[in-house]
Each structure stands twice: as structure tokens, then as C-alpha cells.
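Colleague: File name my_file_0.pdb; file contents PDB, C-alpha atoms; full text below.
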```
ATOM      1  CA  MET A  30     128.876-247.773 162.624
ATOM      2  CA  LYS A  31     128.492-249.268 166.081
ATOM      3  CA  TYR A  32     130.850-246.640 167.529
ATOM      4  CA  LEU A  33     129.066-243.841 165.661
ATOM      5  CA  ALA A  34     125.706-244.981 167.050
ATOM      6  CA  LEU A  35     127.147-245.148 170.559
ATOM      7  CA  ALA A  36     128.618-241.662 170.219
ATOM      8  CA  ALA A  37     125.341-240.280 168.901
ATOM      9  CA  GLY A  38     123.432-241.860 171.780
ATOM     10  CA  THR A  39     125.877-240.402 174.289
ATOM     11  CA  LEU A  40     125.512-236.933 172.787
ATOM     12  CA  MET A  41     121.717-237.181 172.881
ATOM     13  CA  SER A  42     121.777-238.258 176.544
ATOM     14  CA  THR A  43     124.160-235.442 177.406
ATOM     15  CA  ALA A  44     121.972-232.907 175.619
ATOM     16  CA  ALA A  45     118.855-234.167 177.407
ATOM     17  CA  TRP A  46     120.628-233.911 180.754
ATOM     18  CA  ALA A  47     121.867-230.411 179.972
ATOM     19  CA  GLU A  48     118.336-229.261 179.147
ATOM     20  CA  THR A  49     116.968-230.280 182.549
ATOM     21  CA  PRO A  50     116.475-226.975 184.392
ATOM     22  CA  VAL A  51     118.124-226.631 187.797
ATOM     23  CA  LEU A  52     116.465-224.644 190.588
ATOM     24  CA  THR A  53     118.998-223.648 193.254
ATOM     25  CA  VAL A  54     117.660-222.987 196.752
ATOM     26  CA  TYR A  55     119.901-221.571 199.465
ATOM     27  CA  THR A  56     118.774-222.658 202.925
ATOM     28  CA  TYR A  57     120.094-223.401 206.402
ATOM     29  CA  ASP A  58     122.039-226.504 207.392
ATOM     30  CA  SER A  59     119.364-228.367 209.350
ATOM     31  CA  PHE A  60     116.859-228.027 206.501
ATOM     32  CA  VAL A  61     118.999-230.173 204.195
ATOM     33  CA  ALA A  62     120.044-232.730 206.813
ATOM     34  CA  ASP A  63     118.984-236.348 206.270
ATOM     35  CA  TRP A  64     116.418-235.904 209.053
ATOM     36  CA  GLY A  65     115.328-232.457 207.844
ATOM     37  CA  PRO A  66     112.566-231.587 205.359
ATOM     38  CA  GLY A  67     114.892-231.052 202.397
ATOM     39  CA  PRO A  68     115.142-234.609 201.030
ATOM     40  CA  GLN A  69     111.363-235.208 201.117
ATOM     41  CA  ILE A  70     110.552-231.802 199.622
ATOM     42  CA  GLU A  71     113.145-232.276 196.890
ATOM     43  CA  ALA A  72     111.600-235.586 195.852
ATOM     44  CA  ALA A  73     108.032-234.247 195.988
ATOM     45  CA  PHE A  74     108.765-231.112 193.949
ATOM     46  CA  GLU A  75     110.798-232.937 191.314
ATOM     47  CA  GLU A  76     107.770-235.142 190.652
ATOM     48  CA  THR A  77     105.875-232.032 189.548
ATOM     49  CA  CYS A  78     108.491-229.828 187.870
ATOM     50  CA  ASP A  79     110.538-231.935 185.439
ATOM     51  CA  CYS A  80     113.578-230.240 186.947
ATOM     52  CA  ASP A  81     116.487-230.726 189.293
ATOM     53  CA  LEU A  82     115.908-229.092 192.693
ATOM     54  CA  LYS A  83     119.253-228.334 194.297
ATOM     55  CA  PHE A  84     119.411-227.326 197.965
ATOM     56  CA  VAL A  85     122.583-225.527 199.049
ATOM     57  CA  ALA A  86     123.314-225.319 202.784
ATOM     58  CA  ALA A  87     124.662-221.897 203.704
ATOM     59  CA  GLY A  88     124.982-221.880 207.488
ATOM     60  CA  ASP A  89     122.169-220.681 209.728
ATOM     61  CA  GLY A  90     119.334-218.343 208.732
ATOM     62  CA  ALA A  91     121.028-214.983 209.298
ATOM     63  CA  ALA A  92     124.133-216.221 207.471
ATOM     64  CA  LEU A  93     122.007-216.659 204.339
ATOM     65  CA  LEU A  94     121.492-212.932 203.967
ATOM     66  CA  ALA A  95     125.170-212.219 204.605
ATOM     67  CA  ARG A  96     126.150-214.643 201.841
ATOM     68  CA  LEU A  97     123.662-213.119 199.413
ATOM     69  CA  ARG A  98     124.956-209.623 200.092
ATOM     70  CA  LEU A  99     128.477-210.861 199.409
ATOM     71  CA  GLU A 100     127.519-212.593 196.157
ATOM     72  CA  GLY A 101     125.116-209.883 195.001
ATOM     73  CA  ALA A 102     123.694-210.248 191.505
ATOM     74  CA  ARG A 103     126.307-212.958 190.797
ATOM     75  CA  SER A 104     124.609-215.395 193.181
ATOM     76  CA  ASP A 105     123.659-218.811 191.844
ATOM     77  CA  ALA A 106     120.576-218.863 194.073
ATOM     78  CA  ASP A 107     117.101-218.764 192.569
ATOM     79  CA  ILE A 108     115.306-219.042 195.930
ATOM     80  CA  VAL A 109     116.382-218.284 199.480
ATOM     81  CA  LEU A 110     114.488-220.291 202.097
ATOM     82  CA  GLY A 111     115.174-219.665 205.775
ATOM     83  CA  LEU A 112     115.082-215.943 206.435
ATOM     84  CA  ASP A 113     112.498-214.730 208.939
ATOM     85  CA  THR A 114     110.521-211.556 209.497
ATOM     86  CA  ASN A 115     113.346-210.137 211.626
ATOM     87  CA  LEU A 116     115.479-210.112 208.467
ATOM     88  CA  THR A 117     113.001-209.363 205.688
ATOM     89  CA  GLY A 118     113.308-205.600 206.064
ATOM     90  CA  ALA A 119     117.069-205.733 205.567
ATOM     91  CA  ALA A 120     116.681-208.298 202.780
ATOM     92  CA  ALA A 121     114.219-206.071 200.937
ATOM     93  CA  GLU A 122     116.611-203.105 201.182
ATOM     94  CA  SER A 123     119.305-205.169 199.460
ATOM     95  CA  GLY A 124     117.370-204.991 196.184
ATOM     96  CA  LEU A 125     118.204-208.635 195.478
ATOM     97  CA  PHE A 126     114.647-209.991 195.660
ATOM     98  CA  ALA A 127     111.731-209.966 193.224
ATOM     99  CA  PRO A 128     107.983-209.952 194.055
ATOM    100  CA  HIS A 129     106.456-213.375 194.564
ATOM    101  CA  GLY A 130     103.148-212.298 192.989
ATOM    102  CA  GLN A 131     100.989-214.591 195.125
ATOM    103  CA  SER A 132      97.926-213.844 197.203
ATOM    104  CA  VAL A 133      97.726-216.077 200.278
ATOM    105  CA  ALA A 134      96.256-216.089 203.771
ATOM    106  CA  PRO A 135      98.530-218.280 205.939
ATOM    107  CA  ASP A 136      97.460-219.854 209.212
ATOM    108  CA  VAL A 137      99.978-217.865 211.240
ATOM    109  CA  PRO A 138      98.917-216.182 214.511
ATOM    110  CA  ASN A 139      99.240-212.424 214.507
ATOM    111  CA  PRO A 140     100.209-210.985 217.901
ATOM    112  CA  SER A 141      98.729-207.632 216.858
ATOM    113  CA  GLY A 142      95.331-209.289 216.488
ATOM    114  CA  GLU A 143      94.941-208.042 212.921
ATOM    115  CA  ALA A 144      93.785-210.892 210.712
ATOM    116  CA  GLY A 145      93.976-210.874 206.931
ATOM    117  CA  ALA A 146      95.987-211.772 203.878
ATOM    118  CA  TRP A 147      99.762-211.934 203.874
ATOM    119  CA  GLU A 148     100.984-208.475 202.859
ATOM    120  CA  ASP A 149     104.725-208.873 202.224
ATOM    121  CA  PRO A 150     105.202-208.655 198.428
ATOM    122  CA  LEU A 151     108.675-210.241 198.454
ATOM    123  CA  PHE A 152     108.611-213.053 201.009
ATOM    124  CA  LEU A 153     106.194-215.930 201.646
ATOM    125  CA  PRO A 154     105.923-217.809 204.976
ATOM    126  CA  TYR A 155     106.365-221.561 205.189
ATOM    127  CA  ASP A 156     106.459-222.230 208.954
ATOM    128  CA  TRP A 157     106.430-220.532 212.344
ATOM    129  CA  GLY A 158     107.099-221.168 216.007
ATOM    130  CA  TYR A 159     107.940-219.682 219.405
ATOM    131  CA  PHE A 160     111.420-219.368 220.876
ATOM    132  CA  ALA A 161     111.944-220.980 224.269
ATOM    133  CA  PHE A 162     114.655-222.390 226.505
ATOM    134  CA  ILE A 163     114.675-226.189 226.453
ATOM    135  CA  TYR A 164     115.817-228.253 229.422
ATOM    136  CA  ASP A 165     116.015-231.872 230.579
ATOM    137  CA  THR A 166     113.388-232.558 233.234
ATOM    138  CA  GLU A 167     115.530-235.361 234.679
ATOM    139  CA  LYS A 168     118.527-233.077 235.224
ATOM    140  CA  LEU A 169     117.128-229.647 236.072
ATOM    141  CA  ALA A 170     114.684-229.415 238.959
ATOM    142  CA  ASP A 171     114.552-225.675 239.654
ATOM    143  CA  VAL A 172     113.510-224.256 236.281
ATOM    144  CA  PRO A 173     113.707-220.460 235.772
ATOM    145  CA  GLY A 174     110.394-218.936 234.708
ATOM    146  CA  SER A 175     111.651-215.604 233.410
ATOM    147  CA  PHE A 176     114.809-213.873 232.209
ATOM    148  CA  GLU A 177     115.210-212.313 235.666
ATOM    149  CA  GLU A 178     115.016-215.711 237.365
ATOM    150  CA  LEU A 179     117.439-217.169 234.825
ATOM    151  CA  ALA A 180     119.942-214.354 235.427
ATOM    152  CA  ALA A 181     119.694-214.822 239.197
ATOM    153  CA  SER A 182     120.287-218.590 238.951
ATOM    154  CA  ASP A 183     123.306-220.796 238.353
ATOM    155  CA  VAL A 184     121.622-222.408 235.338
ATOM    156  CA  SER A 185     123.956-222.604 232.336
ATOM    157  CA  ILE A 186     122.697-221.855 228.833
ATOM    158  CA  VAL A 187     123.847-222.138 225.220
ATOM    159  CA  ILE A 188     122.641-219.458 222.834
ATOM    160  CA  GLN A 189     123.230-218.574 219.177
ATOM    161  CA  ASP A 190     124.997-215.574 217.680
ATOM    162  CA  PRO A 191     122.465-212.975 216.462
ATOM    163  CA  ARG A 192     124.835-211.994 213.643
ATOM    164  CA  SER A 193     124.644-215.433 212.004
ATOM    165  CA  SER A 194     121.596-217.166 213.470
ATOM    166  CA  THR A 195     117.891-216.334 213.319
ATOM    167  CA  PRO A 196     117.242-217.870 216.780
ATOM    168  CA  GLY A 197     120.088-215.750 218.125
ATOM    169  CA  LEU A 198     118.585-212.631 216.590
ATOM    170  CA  GLY A 199     115.160-213.671 217.858
ATOM    171  CA  LEU A 200     116.496-213.880 221.410
ATOM    172  CA  LEU A 201     118.083-210.453 221.057
ATOM    173  CA  LEU A 202     114.776-208.920 219.960
ATOM    174  CA  TRP A 203     112.805-210.933 222.530
ATOM    175  CA  VAL A 204     114.806-209.365 225.355
ATOM    176  CA  LYS A 205     114.672-205.920 223.766
ATOM    177  CA  GLU A 206     110.924-206.050 223.119
ATOM    178  CA  GLN A 207     110.154-207.163 226.667
ATOM    179  CA  TYR A 208     112.573-204.941 228.591
ATOM    180  CA  GLY A 209     113.211-201.895 226.388
ATOM    181  CA  ASP A 210     115.812-199.631 227.987
ATOM    182  CA  GLU A 211     116.476-202.265 230.663
ATOM    183  CA  ALA A 212     117.575-204.862 228.088
ATOM    184  CA  GLY A 213     121.243-204.094 228.640
ATOM    185  CA  ALA A 214     120.908-204.801 232.366
ATOM    186  CA  ILE A 215     119.166-208.108 231.604
ATOM    187  CA  TRP A 216     122.064-209.144 229.361
ATOM    188  CA  GLU A 217     124.574-208.184 232.037
ATOM    189  CA  GLY A 218     122.733-210.498 234.398
ATOM    190  CA  LEU A 219     122.621-213.315 231.841
ATOM    191  CA  ALA A 220     126.284-213.067 230.841
ATOM    192  CA  ASP A 221     127.438-215.424 233.620
ATOM    193  CA  ASN A 222     124.876-218.015 232.565
ATOM    194  CA  VAL A 223     126.091-218.217 228.953
ATOM    195  CA  VAL A 224     128.459-221.145 228.448
ATOM    196  CA  THR A 225     129.065-220.378 224.787
ATOM    197  CA  VAL A 226     127.594-218.621 221.776
ATOM    198  CA  THR A 227     127.404-220.767 218.635
ATOM    199  CA  LYS A 228     127.129-219.710 214.996
ATOM    200  CA  GLY A 229     123.935-221.684 214.473
ATOM    201  CA  TRP A 230     121.105-223.643 216.042
ATOM    202  CA  SER A 231     122.443-227.126 215.240
ATOM    203  CA  GLU A 232     125.703-226.582 217.120
ATOM    204  CA  ALA A 233     123.930-225.133 220.146
ATOM    205  CA  TYR A 234     121.376-227.915 220.395
ATOM    206  CA  GLY A 235     124.077-230.523 219.966
ATOM    207  CA  LEU A 236     126.048-229.080 222.894
ATOM    208  CA  PHE A 237     122.925-229.160 225.053
ATOM    209  CA  LEU A 238     122.259-232.805 224.199
ATOM    210  CA  GLU A 239     125.879-233.609 225.062
ATOM    211  CA  GLY A 240     125.333-232.160 228.529
ATOM    212  CA  GLU A 241     127.436-229.031 228.057
ATOM    213  CA  ALA A 242     124.656-226.748 229.377
ATOM    214  CA  ASP A 243     121.462-226.979 231.413
ATOM    215  CA  MET A 244     119.322-225.145 228.837
ATOM    216  CA  VAL A 245     119.479-224.183 225.163
ATOM    217  CA  LEU A 246     117.658-221.573 223.121
ATOM    218  CA  SER A 247     115.346-223.403 220.751
ATOM    219  CA  TYR A 248     111.566-223.659 220.237
ATOM    220  CA  THR A 249     108.492-224.673 222.215
ATOM    221  CA  THR A 250     108.050-227.446 219.633
ATOM    222  CA  SER A 251     111.514-228.966 220.131
ATOM    223  CA  PRO A 252     110.332-231.481 222.779
ATOM    224  CA  ALA A 253     107.966-232.915 220.139
ATOM    225  CA  TYR A 254     110.986-234.193 218.217
ATOM    226  CA  HIS A 255     112.237-236.173 221.198
ATOM    227  CA  ILE A 256     108.770-237.583 221.907
ATOM    228  CA  VAL A 257     107.924-238.563 218.316
ATOM    229  CA  ALA A 258     111.335-239.561 216.970
ATOM    230  CA  GLU A 259     112.973-240.941 220.104
ATOM    231  CA  GLU A 260     110.080-241.781 222.466
ATOM    232  CA  ASP A 261     111.861-239.559 225.001
ATOM    233  CA  GLU A 262     109.626-237.344 227.135
ATOM    234  CA  SER A 263     112.402-235.855 229.254
ATOM    235  CA  LYS A 264     112.770-232.570 227.310
ATOM    236  CA  ALA A 265     110.530-229.570 227.996
ATOM    237  CA  ALA A 266     110.231-225.866 227.220
ATOM    238  CA  ALA A 267     110.475-223.450 230.143
ATOM    239  CA  PRO A 268     107.338-221.242 230.252
ATOM    240  CA  PHE A 269     108.184-217.533 230.355
ATOM    241  CA  PRO A 270     105.796-214.563 230.643
ATOM    242  CA  SER A 271     106.386-213.893 226.939
ATOM    243  CA  HIS A 272     107.680-215.922 224.002
ATOM    244  CA  TYR A 273     108.958-214.310 220.820
ATOM    245  CA  MET A 274     107.547-215.609 217.539
ATOM    246  CA  GLN A 275     109.501-216.622 214.481
ATOM    247  CA  ILE A 276     107.905-216.695 211.034
ATOM    248  CA  GLU A 277     110.235-218.270 208.478
ATOM    249  CA  VAL A 278     109.978-217.189 204.859
ATOM    250  CA  ALA A 279     111.281-217.802 201.352
ATOM    251  CA  GLY A 280     111.876-215.348 198.529
ATOM    252  CA  LYS A 281     112.819-215.314 194.848
ATOM    253  CA  LEU A 282     116.056-213.708 193.677
ATOM    254  CA  ALA A 283     115.630-210.945 191.118
ATOM    255  CA  ASN A 284     118.561-212.276 189.078
ATOM    256  CA  SER A 285     117.234-215.858 188.921
ATOM    257  CA  ASP A 286     117.695-217.492 185.539
ATOM    258  CA  GLN A 287     114.729-219.755 186.358
ATOM    259  CA  PRO A 288     112.050-217.202 187.377
ATOM    260  CA  GLU A 289     109.066-219.302 186.278
ATOM    261  CA  LEU A 290     110.399-222.380 188.030
ATOM    262  CA  ALA A 291     111.079-220.273 191.126
ATOM    263  CA  ASP A 292     107.461-219.083 191.077
ATOM    264  CA  LYS A 293     106.319-222.678 190.774
ATOM    265  CA  PHE A 294     108.365-223.648 193.826
ATOM    266  CA  LEU A 295     106.954-220.802 195.909
ATOM    267  CA  ALA A 296     103.437-221.867 194.959
ATOM    268  CA  PHE A 297     104.328-225.486 195.798
ATOM    269  CA  MET A 298     105.574-224.307 199.189
ATOM    270  CA  THR A 299     102.003-223.421 200.208
ATOM    271  CA  THR A 300     100.574-226.840 199.266
ATOM    272  CA  ASP A 301      99.896-229.880 201.420
ATOM    273  CA  ALA A 302     102.776-231.762 199.755
ATOM    274  CA  PHE A 303     105.240-229.275 201.279
ATOM    275  CA  GLN A 304     103.421-228.258 204.444
ATOM    276  CA  SER A 305     102.682-231.804 205.624
ATOM    277  CA  VAL A 306     106.440-232.472 205.760
ATOM    278  CA  ILE A 307     107.257-229.507 208.030
ATOM    279  CA  PRO A 308     105.928-230.595 211.469
ATOM    280  CA  THR A 309     107.898-233.825 211.845
ATOM    281  CA  THR A 310     111.070-232.821 209.983
ATOM    282  CA  ASN A 311     111.565-229.116 210.711
ATOM    283  CA  TRP A 312     109.651-229.399 214.006
ATOM    284  CA  MET A 313     107.777-226.134 213.514
ATOM    285  CA  TYR A 314     104.140-225.243 212.917
ATOM    286  CA  PRO A 315     103.202-225.250 209.210
ATOM    287  CA  ALA A 316     102.212-221.876 207.771
ATOM    288  CA  PHE A 317      99.360-223.461 205.819
ATOM    289  CA  THR A 318      97.491-226.138 207.754
ATOM    290  CA  PRO A 319      97.883-229.540 206.042
ATOM    291  CA  ASP A 320      95.155-232.155 205.870
ATOM    292  CA  GLU A 321      96.920-234.409 208.382
ATOM    293  CA  PRO A 322      96.606-233.101 211.966
ATOM    294  CA  LEU A 323      99.678-232.255 214.004
ATOM    295  CA  PRO A 324     101.081-234.980 216.270
ATOM    296  CA  ASP A 325      99.724-234.942 219.814
ATOM    297  CA  ALA A 326     103.268-234.347 221.042
ATOM    298  CA  PHE A 327     103.298-230.788 219.730
ATOM    299  CA  ALA A 328     103.126-228.196 222.461
ATOM    300  CA  LYS A 329      99.938-226.208 222.635
ATOM    301  CA  PRO A 330     100.456-222.782 221.017
ATOM    302  CA  ILE A 331     101.373-219.921 223.298
ATOM    303  CA  GLY A 332      98.391-217.751 224.107
ATOM    304  CA  PRO A 333      98.115-214.365 222.376
ATOM    305  CA  GLU A 334      98.822-212.611 225.672
ATOM    306  CA  GLN A 335     102.275-214.243 225.721
ATOM    307  CA  ALA A 336     103.200-213.938 222.032
ATOM    308  CA  ARG A 337     105.609-211.195 220.982
ATOM    309  CA  LEU A 338     106.748-210.130 217.513
ATOM    310  CA  ILE A 339     108.318-206.863 216.408
ATOM    311  CA  PRO A 340     106.920-205.826 212.998
ATOM    312  CA  ALA A 341     109.421-206.396 210.199
ATOM    313  CA  GLY A 342     109.556-202.709 209.360
ATOM    314  CA  ASP A 343     110.502-201.766 212.936
ATOM    315  CA  VAL A 344     113.378-204.222 213.410
ATOM    316  CA  ALA A 345     116.062-202.074 211.756
ATOM    317  CA  ALA A 346     115.501-199.219 214.215
ATOM    318  CA  ILE A 347     115.925-201.572 217.179
ATOM    319  CA  ARG A 348     118.506-204.096 216.042
ATOM    320  CA  GLU A 349     121.738-202.087 216.205
ATOM    321  CA  LYS A 350     121.162-200.789 219.729
ATOM    322  CA  ALA A 351     120.105-204.242 220.904
ATOM    323  CA  MET A 352     123.211-205.739 219.299
ATOM    324  CA  ALA A 353     125.445-203.196 221.018
ATOM    325  CA  GLU A 354     123.889-204.000 224.409
ATOM    326  CA  TRP A 355     124.393-207.721 223.809
ATOM    327  CA  ARG A 356     128.032-207.288 222.779
ATOM    328  CA  ALA A 357     128.842-205.016 225.698
ATOM    329  CA  ALA A 358     127.369-207.401 228.266
ATOM    330  CA  LEU A 359     128.986-210.569 226.922
ATOM    331  CA  SER A 360     132.388-208.987 226.408
ATOM    332  CA  LYS A 361     132.828-208.149 230.092
TER     333      LYS A 361
END
```
Please express the file's structure as C-alpha cells.

Modeller:
Amino acid sequence: MKYLALAAGTLMSTAAWAETPVLTVYTYDSFVADWGPGPQIEAAFEETCDCDLKFVAAGDGAALLARLRLEGARSDADIVLGLDTNLTGAAAESGLFAPHGQSVAPDVPNPSGEAGAWEDPLFLPYDWGYFAFIYDTEKLADVPGSFEELAASDVSIVIQDPRSSTPGLGLLLWVKEQYGDEAGAIWEGLADNVVTVTKGWSEAYGLFLEGEADMVLSYTTSPAYHIVAEEDESKAAAPFPSHYMQIEVAGKLANSDQPELADKFLAFMTTDAFQSVIPTTNWMYPAFTPDEPLPDAFAKPIGPEQARLIPAGDVAAIREKAMAEWRAALSK
């Protein structure tokens, strides 16, 4: 009888475990790192959902979409978190995403000056920032103040591949938006400055910190990490005439077997419990202002006269030509 009771108890425990719903979220590597927002967000959401939230690291942001296209309707993902508005047009065309069904008005600057509710029916924002080149003030004295000055200098840089990385794609569109038909010439000038092109942001920033390059493509908010987490004020963002914006988003997969739980996560993403974690773990501006103010170390936002952002619907018409110019310049 003792063995029968033990067996029955084991079966009941196994059944209870099996009934716990699992929400699978594909995201980028740094989001799930021990120092990233993933662990805190996982714990906070699981307190509200009676579920198991499972983050799956899938490379950098642009690699997420490539993986989804490969997996198609067979994907295990319920949510994808880490695309940005440079990719949402292509993501929507894949047919893999379902409407989020939420009406929100995020606190995200709009370079066009048009205020209002968020209009994308498939993707919701969770943070935003401005791309910039980061340097060490104790090592680099003559700091370039534009792409032209950078190209004319001997300053070495590490950048990310636009085919796998959202910062890399952001840089591609930043140059294209600012220089138009002259973008190819700008890349030809920058080619000698590029030490290497990495698949993702983490690798590039790591190389910069190891002293492999004078500057790295990152964000205006990156120095805040060093100030807050390391009490190191030696890192700074080089001010350029324009800085391209990034708005990061999440979306629900149409083939999710946990659609209601996915909706609950997207709604949770807009709450203080999620947004308050973003500034000092993902080192970006939160899309919905939390109750706790941002640390003083955060850079002041770029003025609207400097902010640049190509509308999501216009990216596809620009991307291929910009990519060809980038490849041609760096292959020489």
C-alpha cells in the first residue's frame, strides 16, 4: 500500500506539472543574460500568470526574424520580443504574427512630430533609444563629430552586421537616411575604419571593452551602464548631427498554442512591473514611463532636430539598395 500511495502521489505531481502552461518567448541574447532584464521579468510575470515563462535566446534582433521564417508555422515561439520598427514591415509580410488587440499610447518620441496612439496592429513597443558611437574618454582625445569626420580619421570602429543585428541594420539606415544617394561614398570612406563586423551587439561591445577598437556602435544610453553599474564615467557617446532611433517591439505568433497567455504577457509588458526593469538592465528608455524616475546617469534625449527614423512601411524600399552599398564598400 505504501508503494501504491507513493506511485499515486508521483502521478498526481507529474500531472500537475504537465498542466502548467508554458509561454515561450524568443528574444535576443543580451535580454536573457544574468545582467539583462529577462530573469527579473520572468520572475515578475510568473507571479501573475500561474505559468512557466520560458525565454529562448536566438541571436541578435535581426536573427530572430530569420529563425522564425525558417521555422514557419512549426515554431515553438508564442511571443517574439526584440524586433524593431526597421523589421516590422518584413515581419508583417511573413504572415506569422497575429494582432495584439491592445490600444496604447507609449511615451516614445515621434520624429515626424505626429503624436497619438500606437497604430501598429501586430507589434507593441517596450523600449527605445538612439544609436551612437561609444568611446573611452581616457583613450580617444580627437572624437569625430560626424560620419565624414570619422571616415577622414584613423579612428577604428566595430560595427554589427545588418543581416543579423538590429543595431547593424539601424546604422545602415542611419547612413542611408542622412546621405541618400551619397551613402555608398560614405561607406567607402568608412571601410578603412571598420576593424570587424560582428553578428550581434554583445560581441561588438565586448571587443570594444577589450580595447580592440576606438569606438563601437551602440546607444546614447550605454554610458549609463558604466556609471551606474561600475561607477566608471570614462565612456561617452559621440554627438553627431543626427542620431537614428530604435523602437524595440514584441509580437504574438499566429500559431501560438497559448494565445490568451501571450495576450496577457503583452499587456504585462506595458505595466510598471516590466517597464521599471528596462532602464537599468536593458539600458534603454522605457516605452511606458514607470513610476520610478530614470537614473541621473542617463543621457539627455536627443533633440527632435537630431532624431531620425524611417517609417516602418518605407524600410523595404530602401533596405536592399542600402545593403548593396554597404556590401560593395566593405568588400573592397

Colleague: If you take all atoms listed in the file and a cut-off of 10 Å, which residues of region 259-302 of chain A touch region 70-89 of chain A, and what are their nearest atom pairs and distances in Å to one decimal, in chain and number order, as a Markdown table?

Modeller:
```
| residue | atom | partner | partner_atom | distance |
| --- | --- | --- | --- | --- |
| A:Leu290 | CA | A:Cys78 | CA | 7.7 |
| A:Lys293 | CA | A:Cys78 | CA | 8.0 |
| A:Phe294 | CA | A:Phe74 | CA | 7.5 |
| A:Phe297 | CA | A:Phe74 | CA | 7.4 |
| A:Met298 | CA | A:Ile70 | CA | 9.0 |
| A:Ala302 | CA | A:Ala73 | CA | 6.9 |
```

Colleague: Taking (126.5, -222.4, 216.5) in the file's own coordinates, collect the residues within 8 Å, counting only C-alpha atoms, and hand them back as an MDAnalysis selection string.

Modeller: chainID A and resid 188:190 194 226:233

Colleague: Spell out the residues picked by the PyMOL selection byres ((chain A and resi 257-266) around 6) here, as an MDAnalysis selection string.

Modeller: chainID A and resid 161:166 249 252:256 267

Colleague: Using the chain letters and numbering of this document, enumerate as a list in words the residues selected by the PyMOL selection byres ((chain A and resi 291) around 7).

Modeller: Leu52, Asp107, Ile108, Lys281, Gln287, Pro288, Glu289, Leu290, Asp292, Lys293, Phe294 and Leu295 of chain A

Colleague: Which protein, DNA or RNA residues have an atom at most 9 Å from (110.8, -229.2, 206.1), counting only C-alpha atoms? List them as a list in words.

Modeller: Phe60, Val61, Gly65, Pro66, Gly67, Pro68, Gln69, Ile70, Tyr155, Asp156, Phe303, Gln304, Ser305, Val306, Ile307, Pro308, Thr309, Thr310, Asn311, Trp312 and Met313 of chain A
